[in-house]
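Engineer: Next comes protein09.cif, mmCIF, C-alpha atoms and all ligand atoms:
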```cif
data_input
loop_
_atom_site.label_atom_id
_atom_site.label_comp_id
_atom_site.auth_asym_id
_atom_site.auth_seq_id
_atom_site.Cartn_x
_atom_site.Cartn_y
_atom_site.Cartn_z
CA LEU A 1 12.62 22.22 -24.08
CA SER A 2 14.22 20.56 -21.07
CA ALA A 3 17.85 19.40 -21.14
CA ILE A 4 16.61 15.90 -20.38
CA ASN A 5 15.49 13.93 -23.37
CA ARG A 6 15.17 10.40 -22.01
CA ILE A 7 13.80 9.19 -18.67
CA GLY A 8 13.32 5.80 -17.05
CA LEU A 9 10.06 4.84 -15.38
CA LEU A 10 9.86 2.09 -12.81
CA THR A 11 7.07 0.58 -10.70
CA GLY A 12 8.42 -1.11 -7.56
CA GLY A 13 7.03 -3.04 -4.58
CA GLY A 14 3.58 -4.54 -4.33
CA ASP A 15 1.33 -3.55 -7.22
CA CYS A 16 -1.76 -1.46 -6.67
CA PRO A 17 -4.62 0.01 -8.68
CA GLY A 18 -3.53 3.22 -10.43
CA LEU A 19 -0.01 2.20 -11.49
CA ASN A 20 -1.04 1.99 -15.12
CA ALA A 21 -2.68 5.41 -14.84
CA VAL A 22 0.71 6.75 -13.70
CA ILE A 23 2.52 5.00 -16.55
CA ARG A 24 0.06 6.49 -19.03
CA ALA A 25 0.28 10.00 -17.57
CA VAL A 26 4.09 10.01 -17.42
CA THR A 27 4.41 8.66 -20.95
CA ARG A 28 1.87 11.01 -22.48
CA SER A 29 3.12 14.16 -20.79
CA ALA A 30 6.78 13.27 -21.39
CA ILE A 31 6.16 12.67 -25.10
CA HIS A 32 4.21 15.93 -25.23
CA ASN A 33 7.34 17.66 -23.93
CA GLY A 34 9.71 15.90 -26.32
CA ILE A 35 11.06 13.41 -23.75
CA GLU A 36 11.38 9.68 -24.44
CA VAL A 37 10.31 7.18 -21.79
CA MET A 38 12.03 3.87 -21.14
CA GLY A 39 9.95 1.51 -19.01
CA VAL A 40 12.03 -0.52 -16.56
CA LEU A 41 10.68 -4.06 -16.39
CA ASP A 42 9.85 -5.83 -13.11
CA GLY A 43 10.76 -3.04 -10.74
CA PHE A 44 14.35 -2.67 -9.58
CA ASN A 45 15.08 -6.10 -11.00
CA GLY A 46 15.00 -4.55 -14.48
CA LEU A 47 17.74 -2.10 -13.55
CA ILE A 48 20.02 -4.91 -12.44
CA THR A 49 19.24 -7.23 -15.36
CA ASP A 50 19.24 -4.44 -17.97
CA GLN A 51 15.61 -4.76 -19.05
CA PHE A 52 14.24 -1.57 -20.53
CA GLN A 53 11.36 -1.08 -22.94
CA PRO A 54 10.64 2.15 -24.82
CA LEU A 55 7.09 3.34 -24.19
CA SER A 56 5.10 4.99 -26.95
CA ALA A 57 1.71 6.69 -26.74
CA ARG A 58 0.32 3.58 -28.35
CA ASP A 59 1.81 1.30 -25.66
CA VAL A 60 -0.12 3.14 -22.97
CA SER A 61 -3.36 3.40 -24.86
CA GLY A 62 -6.29 1.79 -23.06
CA ILE A 63 -4.45 1.05 -19.81
CA LEU A 64 -6.04 3.75 -17.64
CA PRO A 65 -8.71 1.51 -16.09
CA ARG A 66 -6.49 -1.57 -15.83
CA GLY A 67 -5.21 -2.81 -12.46
CA GLY A 68 -1.61 -3.94 -11.91
CA THR A 69 1.30 -2.55 -13.90
CA ILE A 70 2.13 -3.25 -17.54
CA LEU A 71 5.82 -2.90 -16.60
CA GLY A 72 5.71 -5.66 -13.98
CA THR A 73 7.01 -5.21 -10.46
CA SER A 74 8.83 -7.01 -7.70
CA ASN A 75 9.11 -6.49 -3.97
CA LYS A 76 12.16 -8.61 -3.39
CA ASP A 77 14.75 -6.91 -5.58
CA ASP A 78 17.02 -4.26 -4.12
CA PRO A 79 20.09 -3.35 -6.22
CA PHE A 80 21.94 -2.50 -2.99
CA ARG A 81 21.14 -5.86 -1.44
CA CYS A 82 20.61 -8.58 -4.04
CA ARG A 83 19.64 -11.82 -2.38
CA GLU A 84 21.31 -14.93 -3.72
CA THR A 85 20.82 -18.47 -2.47
CA ALA A 86 23.71 -20.91 -2.95
CA PRO A 87 22.97 -24.59 -3.79
CA ASP A 88 23.70 -25.45 -0.15
CA GLY A 89 20.97 -23.01 0.89
CA GLU A 90 23.29 -20.31 2.17
CA VAL A 91 21.87 -16.83 1.55
CA THR A 92 24.17 -13.95 0.67
CA PHE A 93 23.54 -10.31 -0.22
CA THR A 94 25.50 -8.43 -2.89
CA ASP A 95 25.55 -4.73 -3.74
CA ARG A 96 24.87 -4.51 -7.51
CA SER A 97 23.93 -0.85 -7.58
CA ASP A 98 26.94 0.06 -9.75
CA GLU A 99 25.67 -2.32 -12.45
CA ALA A 100 22.20 -0.80 -12.15
CA VAL A 101 23.59 2.72 -12.65
CA ALA A 102 25.80 1.59 -15.54
CA ASN A 103 22.83 -0.10 -17.25
CA MET A 104 20.80 3.09 -16.97
CA GLU A 105 23.64 5.16 -18.39
CA ARG A 106 24.06 2.76 -21.30
CA ALA A 107 20.34 3.02 -22.02
CA GLY A 108 20.69 6.81 -22.13
CA ILE A 109 18.42 7.32 -19.13
CA GLN A 110 19.12 10.75 -17.63
CA ALA A 111 16.52 10.70 -14.87
CA LEU A 112 14.50 7.98 -13.18
CA ILE A 113 10.91 8.14 -11.95
CA VAL A 114 10.40 5.64 -9.12
CA THR A 115 6.77 4.78 -8.43
CA GLY A 116 6.57 2.92 -5.16
CA GLY A 117 6.04 2.81 -1.42
CA ASP A 118 8.44 3.25 1.39
CA GLY A 119 10.83 0.44 0.33
CA SER A 120 11.09 1.65 -3.29
CA GLN A 121 11.50 5.30 -2.26
CA THR A 122 14.32 4.31 0.10
CA ILE A 123 16.12 2.57 -2.78
CA GLY A 124 15.43 5.66 -4.94
CA LEU A 125 17.07 7.84 -2.30
CA LYS A 126 20.15 5.60 -2.22
CA LEU A 127 20.35 5.88 -6.03
CA CYS A 128 20.32 9.69 -5.63
CA ASP A 129 23.45 9.32 -3.49
CA LYS A 130 25.06 7.54 -6.44
CA GLY A 131 24.31 10.49 -8.70
CA VAL A 132 21.09 9.26 -10.29
CA GLN A 133 18.50 12.01 -10.81
CA VAL A 134 15.40 10.56 -9.17
CA VAL A 135 11.82 11.75 -8.79
CA GLY A 136 9.52 9.64 -6.60
CA ILE A 137 5.79 8.97 -6.96
CA PRO A 138 4.06 7.64 -3.83
CA LYS A 139 2.08 4.44 -4.19
CA THR A 140 0.65 1.95 -1.73
CA ILE A 141 -2.74 0.61 -0.76
CA ASP A 142 -1.55 0.87 2.87
CA ASN A 143 -1.43 4.70 2.85
CA ASP A 144 1.48 4.52 5.30
CA LEU A 145 3.86 6.88 3.47
CA MET A 146 4.81 10.17 5.13
CA GLY A 147 4.93 13.44 3.19
CA THR A 148 1.69 12.99 1.27
CA ASP A 149 -1.90 13.26 2.45
CA ILE A 150 -2.74 10.09 0.59
CA THR A 151 -1.20 7.57 -1.80
CA PHE A 152 -3.02 6.28 -4.86
CA GLY A 153 -4.27 2.71 -4.49
CA PHE A 154 -5.64 3.33 -1.01
CA ASP A 155 -9.05 4.50 -2.19
CA SER A 156 -9.48 1.45 -4.43
CA ALA A 157 -8.49 -0.89 -1.58
CA LEU A 158 -11.00 0.86 0.67
CA GLN A 159 -13.68 0.40 -1.95
CA CYS A 160 -12.98 -3.33 -2.00
CA ALA A 161 -12.92 -3.70 1.79
CA THR A 162 -16.07 -1.62 2.23
CA ASP A 163 -17.88 -3.67 -0.36
CA ALA A 164 -16.84 -6.85 1.49
CA LEU A 165 -18.16 -5.41 4.77
CA ASP A 166 -21.50 -4.56 3.17
CA ARG A 167 -21.77 -8.13 1.96
CA LEU A 168 -20.72 -9.60 5.30
CA HIS A 169 -23.30 -7.49 7.10
CA THR A 170 -26.29 -9.08 5.43
CA THR A 171 -25.16 -12.64 6.06
CA ALA A 172 -23.99 -11.86 9.63
CA GLU A 173 -27.38 -10.38 10.39
CA SER A 174 -29.30 -13.31 8.95
CA HIS A 175 -27.31 -15.94 10.85
CA HIS A 176 -26.70 -13.97 14.08
CA ARG A 177 -22.98 -14.47 13.78
CA VAL A 178 -19.74 -12.71 14.47
CA MET A 179 -17.98 -12.00 11.19
CA VAL A 180 -14.29 -11.14 11.16
CA LEU A 181 -12.85 -9.44 8.09
CA GLU A 182 -9.05 -9.40 7.91
CA VAL A 183 -7.72 -6.60 5.73
CA MET A 184 -4.24 -5.61 4.58
CA GLY A 185 -2.25 -2.54 5.59
CA ARG A 186 1.03 -4.00 6.82
CA ASN A 187 1.91 -2.35 10.16
CA SER A 188 -0.57 0.47 9.84
CA GLY A 189 -4.30 0.40 10.39
CA TRP A 190 -5.53 2.82 7.74
CA ILE A 191 -7.41 0.30 5.60
CA ALA A 192 -9.04 -1.32 8.65
CA LEU A 193 -9.96 2.01 10.22
CA MET A 194 -11.37 3.70 7.15
CA SER A 195 -13.17 0.69 5.70
CA GLY A 196 -14.43 -0.11 9.20
CA ILE A 197 -15.98 3.34 9.41
CA ALA A 198 -17.31 3.25 5.85
CA GLY A 199 -18.70 -0.26 6.26
CA GLY A 200 -20.15 0.19 9.75
CA GLY A 201 -17.80 -2.22 11.55
CA ASP A 202 -18.57 -2.70 15.24
CA ILE A 203 -15.04 -3.53 16.39
CA ILE A 204 -11.90 -2.39 14.60
CA LEU A 205 -8.53 -3.85 15.52
CA ILE A 206 -5.47 -1.91 14.36
CA PRO A 207 -1.74 -2.16 15.10
CA GLU A 208 -1.74 1.29 16.70
CA ILE A 209 -4.22 0.38 19.48
CA ASP A 210 -3.77 -2.59 21.84
CA PHE A 211 -6.85 -4.73 22.36
CA THR A 212 -7.97 -7.47 24.74
CA PHE A 213 -10.36 -10.33 24.01
CA GLU A 214 -12.34 -9.39 27.13
CA ASN A 215 -13.11 -5.97 25.66
CA ILE A 216 -14.11 -7.44 22.30
CA VAL A 217 -16.45 -9.96 23.92
CA LYS A 218 -17.87 -7.25 26.21
CA ARG A 219 -18.90 -5.23 23.15
CA ILE A 220 -20.37 -8.27 21.37
CA HIS A 221 -22.45 -9.10 24.47
CA GLU A 222 -23.56 -5.48 24.85
CA ARG A 223 -24.77 -5.56 21.28
CA ARG A 224 -26.50 -8.91 21.78
CA ASP A 225 -28.19 -7.67 24.95
CA SER A 226 -29.52 -4.66 23.11
CA GLY A 227 -31.05 -6.89 20.43
CA ARG A 228 -28.30 -6.77 17.80
CA ARG A 229 -27.44 -10.43 17.57
CA PHE A 230 -24.51 -10.10 15.18
CA SER A 231 -21.22 -8.21 15.16
CA ILE A 232 -18.69 -7.25 12.54
CA ILE A 233 -15.00 -7.15 13.43
CA VAL A 234 -12.48 -5.56 11.05
CA ALA A 235 -8.96 -6.76 11.85
CA ALA A 236 -5.89 -5.18 10.28
CA GLU A 237 -3.42 -7.91 9.32
CA GLY A 238 -0.79 -6.17 11.47
CA ALA A 239 -2.98 -5.90 14.60
CA ARG A 240 -1.05 -7.08 17.65
CA LEU A 241 -2.47 -9.88 19.77
CA PRO A 242 -2.72 -9.14 23.50
CA ASP A 243 0.68 -10.83 24.07
CA GLY A 244 2.23 -8.28 21.70
CA SER A 245 2.81 -10.71 18.81
CA VAL A 246 1.78 -10.27 15.19
CA VAL A 247 0.75 -13.23 13.05
CA SER A 248 3.24 -13.60 10.22
CA ARG A 249 5.53 -15.96 8.37
CA MET A 250 8.77 -15.71 6.44
CA ALA A 251 8.37 -16.18 2.66
CA PRO A 252 11.14 -17.80 0.56
CA SER A 253 12.02 -14.29 -0.69
CA GLY A 254 13.03 -13.42 2.87
CA ASN A 255 10.07 -11.05 3.20
CA THR A 256 7.90 -11.15 6.30
CA VAL A 257 4.31 -11.79 5.20
CA LEU A 258 1.58 -10.77 7.62
CA GLY A 259 -1.69 -12.67 7.80
CA GLY A 260 -3.73 -14.95 10.00
CA VAL A 261 -4.75 -12.65 12.83
CA GLY A 262 -8.39 -12.86 11.69
CA VAL A 263 -8.54 -16.62 12.31
CA VAL A 264 -6.96 -16.27 15.74
CA VAL A 265 -9.44 -13.55 16.70
CA ALA A 266 -12.47 -15.44 15.35
CA ARG A 267 -11.59 -18.68 17.16
CA ARG A 268 -10.98 -16.99 20.47
CA VAL A 269 -14.05 -14.76 20.23
CA GLU A 270 -16.20 -17.78 19.38
CA ALA A 271 -14.87 -19.68 22.40
CA ASP A 272 -15.23 -16.75 24.79
CA SER A 273 -18.53 -15.28 23.56
CA GLY A 274 -20.37 -18.48 22.75
CA MET A 275 -21.36 -16.95 19.41
CA GLU A 276 -20.74 -18.71 16.12
CA SER A 277 -17.94 -16.85 14.28
CA ARG A 278 -16.57 -16.87 10.75
CA VAL A 279 -13.56 -15.25 9.16
CA THR A 280 -12.90 -13.78 5.71
CA VAL A 281 -9.38 -12.88 4.65
CA LEU A 282 -9.70 -10.32 1.88
CA GLY A 283 -6.06 -10.60 0.83
CA HIS A 284 -4.91 -9.58 -2.63
CA LEU A 285 -8.42 -8.80 -3.85
CA GLN A 286 -7.70 -5.42 -2.24
CA ARG A 287 -4.80 -4.86 -4.62
CA GLY A 288 -6.25 -6.20 -7.83
CA GLY A 289 -8.68 -4.83 -10.35
CA SER A 290 -9.60 -1.45 -11.68
CA PRO A 291 -8.64 1.77 -9.85
CA SER A 292 -11.40 3.97 -8.45
CA PRO A 293 -12.01 7.31 -10.22
CA PHE A 294 -10.25 9.05 -7.31
CA ASP A 295 -7.14 6.89 -7.76
CA ARG A 296 -7.16 7.34 -11.54
CA ILE A 297 -7.22 11.09 -11.11
CA LEU A 298 -4.61 11.18 -8.34
CA ALA A 299 -2.29 8.85 -10.27
CA THR A 300 -2.68 11.02 -13.38
CA ARG A 301 -1.91 14.19 -11.45
CA PHE A 302 1.14 12.55 -9.83
CA GLY A 303 2.44 11.32 -13.20
CA VAL A 304 2.14 14.71 -14.89
CA LYS A 305 3.72 16.49 -11.92
CA ALA A 306 6.67 14.03 -11.88
CA VAL A 307 7.48 14.88 -15.51
CA GLU A 308 7.25 18.59 -14.72
CA MET A 309 9.70 18.07 -11.87
CA VAL A 310 12.13 16.26 -14.18
CA MET A 311 11.97 19.22 -16.59
CA ASP A 312 12.50 21.69 -13.73
CA GLY A 313 15.43 19.71 -12.36
CA GLN A 314 13.71 19.04 -9.03
CA PHE A 315 15.38 15.76 -8.09
CA SER A 316 15.63 13.70 -4.89
CA ARG A 317 12.04 14.74 -4.29
CA MET A 318 8.75 12.87 -4.23
CA VAL A 319 5.49 14.11 -5.70
CA CYS A 320 2.82 14.47 -3.03
CA LEU A 321 -0.72 15.60 -2.36
CA LYS A 322 -1.04 18.51 0.04
CA THR A 323 -4.77 18.94 -0.37
CA PRO A 324 -5.88 20.49 -2.64
CA GLU A 325 -2.49 20.98 -4.35
CA ILE A 326 -0.11 18.50 -5.94
CA SER A 327 3.30 19.44 -4.60
CA SER A 328 6.56 17.70 -3.63
CA VAL A 329 8.68 16.82 -0.60
CA PRO A 330 12.28 15.58 -0.19
CA ILE A 331 12.24 11.76 -0.54
CA GLU A 332 14.17 11.72 2.72
CA GLU A 333 11.17 13.19 4.51
CA ALA A 334 8.81 10.61 3.02
CA VAL A 335 10.84 7.63 4.20
CA ALA A 336 12.03 8.98 7.57
CA SER A 337 9.20 7.22 9.42
CA ARG A 338 5.98 5.39 8.72
CA LYS A 339 2.63 7.18 8.74
CA ASN A 340 0.53 5.40 11.33
CA VAL A 341 -3.00 6.03 12.54
CA PRO A 342 -2.80 8.55 15.41
CA PRO A 343 -4.56 6.63 18.23
CA ASP A 344 -5.82 9.87 19.76
CA GLY A 345 -6.53 11.55 16.44
CA GLU A 346 -9.79 12.90 15.16
CA THR A 347 -10.74 9.87 13.06
CA VAL A 348 -10.40 7.40 15.92
CA ARG A 349 -12.22 9.76 18.27
CA PHE A 350 -15.12 10.23 15.84
CA ALA A 351 -15.30 6.49 15.23
CA ARG A 352 -15.62 5.89 18.97
CA LEU A 353 -18.41 8.47 19.10
CA VAL A 354 -20.42 6.54 16.53
CA GLY A 355 -20.04 3.39 18.59
CA VAL A 356 -16.92 1.70 17.22
CA SER A 357 -14.90 -0.31 19.74
CA PHE A 358 -11.15 -0.64 19.25
CA GLY A 359 -11.04 -3.43 21.81
CA ASP A 360 -9.04 -1.29 24.22
CA ARG A 361 -11.75 -0.41 26.69
O1 LIG B 401 2.13 -3.06 0.97
C1 LIG B 401 1.06 -3.60 0.28
C2 LIG B 401 0.69 -4.96 0.80
O2 LIG B 401 -0.43 -5.42 0.08
C3 LIG B 401 0.45 -5.03 2.31
O3 LIG B 401 -0.80 -4.53 2.68
C4 LIG B 401 0.65 -6.49 2.57
O4 LIG B 401 1.06 -6.74 3.90
C5 LIG B 401 1.74 -6.86 1.60
O5 LIG B 401 1.76 -5.87 0.59
C6 LIG B 401 1.56 -8.22 0.99
O6 LIG B 401 2.65 -8.49 0.21
P1 LIG B 401 2.74 -9.74 -0.76
O7 LIG B 401 2.00 -9.39 -2.01
O8 LIG B 401 4.19 -9.92 -0.96
O9 LIG B 401 2.09 -10.88 -0.05
#
```
Would it be possible to restate this file's structure as structure tokens?
Structural biologist:
Amino acid sequence: LSAINRIGLLTGGGDCPGLNAVIRAVTRSAIHNGIEVMGVLDGFNGLITDQFQPLSARDVSGILPRGGTILGTSNKDDPFRCRETAPDGEVTFTDRSDEAVANMERAGIQALIVTGGDGSQTIGLKLCDKGVQVVGIPKTIDNDLMGTDITFGFDSALQCATDALDRLHTTAESHHRVMVLEVMGRNSGWIALMSGIAGGGDIILIPEIDFTFENIVKRIHERRDSGRRFSIIVAAEGARLPDGSVVSRMAPSGNTVLGGVGVVVARRVEADSGMESRVTVLGHLQRGGSPSPFDRILATRFGVKAVEMVMDGQFSRMVCLKTPEISSVPIEEAVASRKNVPPDGETVRFARLVGVSFGDR
């Protein structure tokens, strides 16, 4: 038996399909190996506010197909930078990481599994520097994390976006319209690119490739002139407008929230092309609901591997998929940079060869 007999399990950042599959896999395999699991509630917030909940096999029964996370999550809580707003509106940041570590110690947690994207893994790495034994599990619908071929959640988001494109196709075709679908992905274009290919999008706009409205309209007119009187545009929420700006706003949490590029594109394309245009913002539908079979399996493999790593003492590392193997990388490597779509990579090149325009030529 391993020297560790109690671990903490946390889900941080935006939720995504497959988190509950991870929670179930970690809990089941830990219990199988004689290790107790303490769920940390609401992401890193639970570490600061001392909210832990023991997880039994019964607690995780039936959660495999459920979206979201039974532990709760938060993407605004960082123990190293707790945001506080004074009554006069002044915002200050306090380092409460010592309290977080002390709370874990008091709860008898000897190692912490951090399930999250780039923000959560970065916090996990900083906890390692404070002596916490951390194992990371990569999660995000955006698929923008380095060190792993793919994150769980991405496949389910793709399923949702592709389904939306299939639906938009039939109505676009009937009404001879331009349909713009805005998808998530933060500053990377993976969801737009892959769903655009899977759903037969005509024009795909991603942050990694600069576009012009002239090029978009050129493609729409080419299509119209060849008898295809509708066009489908997939716009990543982080796609940059020709002036270099991204459409975003600041939320009360202090987080920058992307969104709105689809409307800007649709209005301008309508004005310039003379074709009636409509926009659909898919939003959080991409993050909700049941995980795909692929994500359930990947999340289960990640969860089991994370427990094995705890037992082997492999800390400061993140579980990863190096197809076909589940393996691990230093967390440092995973958060060193963001994984963007290579603009000259194979996928973009193949997409162009099947007629996709990226609005750049
Ligand atoms: O990182 C996942 C993600 O869904 C991004 O695609 C999106 O930009 C962001 O989170 C939205 O965050 P929120 O749920 O805070 O609006």
Engineer: Using only C-alpha atoms and all ligand atoms, what are the residues with an atom within 6 Å of ligand LIG 401 (chain B), set out as a PyMOL selection string?
Structural biologist: chain A and resi 14+140-142+184-186+257-258
Engineer: Any idea what's packed within 7 Å of region 146-160 of chain A, counting all atoms listed in the file, ignoring anything in its chain fewer than 4 positions away? Could you give it as JSON, numbers by chain?
Structural biologist: {"A": [16, 17, 18, 138, 139, 140, 141, 142, 164, 191, 195, 286, 287, 291, 292, 294, 295, 298, 299, 320, 321, 322, 323, 329, 333, 334, 335, 337, 338, 339]}
Engineer: Given all atoms listed in the file as the basis, pick out the residue of A:Ser253, A:Ser56, A:Thr212, A:Thr85 nearest to Gly359 (chain A).
Structural biologist: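 The closest residue to Gly359 (chain A) is A:Thr212.
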Engineer: Padding 5 Å on each side, edges along x, y and z: where is the centre of the box around the listed atoms of region 175-191 of chain A, and how long are its edges in Å to one decimal? Output it as JSON.
Structural biologist:
```
{"center_x": -12.7, "center_y": -6.6, "center_z": 9.5, "size_x": 39.2, "size_y": 28.8, "size_z": 19.9}
```
Engineer: For CA of Ala235 (chain A) and CA of Arg223 (chain A), determine how far apart the two atoms are, in Å to one decimal place.
Structural biologist: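 Pair CA of Ala235 (chain A) / CA of Arg223 (chain A) returns 18.4 Å.
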Engineer: Can you tell me which residues surround Gly189 (chain A) at a distance of at most 8 Å, considering all atoms listed in the file, apart from same-chain residues fewer than 4 positions away, and format the answer as number ranges by chain?
Structural biologist: A: 185, 193, 205-208, 236, 238-239, 340-341
Engineer: Print the selection's residues with C-alpha atoms to a file, as a short mmCIF file (atom, residue, chain, number, x, y, z; two decimals), in the frame of the given file.
Structural biologist:
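Now in part20.cif:
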```cif
data_model
loop_
_atom_site.label_atom_id
_atom_site.label_comp_id
_atom_site.auth_asym_id
_atom_site.auth_seq_id
_atom_site.Cartn_x
_atom_site.Cartn_y
_atom_site.Cartn_z
CA GLY A 185 -2.25 -2.54 5.59
CA LEU A 193 -9.96 2.01 10.22
CA LEU A 205 -8.53 -3.85 15.52
CA ILE A 206 -5.47 -1.91 14.36
CA PRO A 207 -1.74 -2.16 15.10
CA GLU A 208 -1.74 1.29 16.70
CA ALA A 236 -5.89 -5.18 10.28
CA GLY A 238 -0.79 -6.17 11.47
CA ALA A 239 -2.98 -5.90 14.60
CA ASN A 340 0.53 5.40 11.33
CA VAL A 341 -3.00 6.03 12.54
#
```
Engineer: Produce a table with one row for each residue of region 254-309 of chain A that has an atom at most 6 Å from any atom of region 67-72 of chain A, each row naming the nearest atom pair and its distance in Å at one decimal; use all atoms listed in the file; arrange rows by chain and rising residue number; format as CSV.
Structural biologist:
```
residue,atom,partner,partner_atom,distance
A:Gly288,CA,A:Gly67,CA,5.8
A:Gly289,CA,A:Gly67,CA,4.5
A:Ser290,CA,A:Gly67,CA,4.7
```
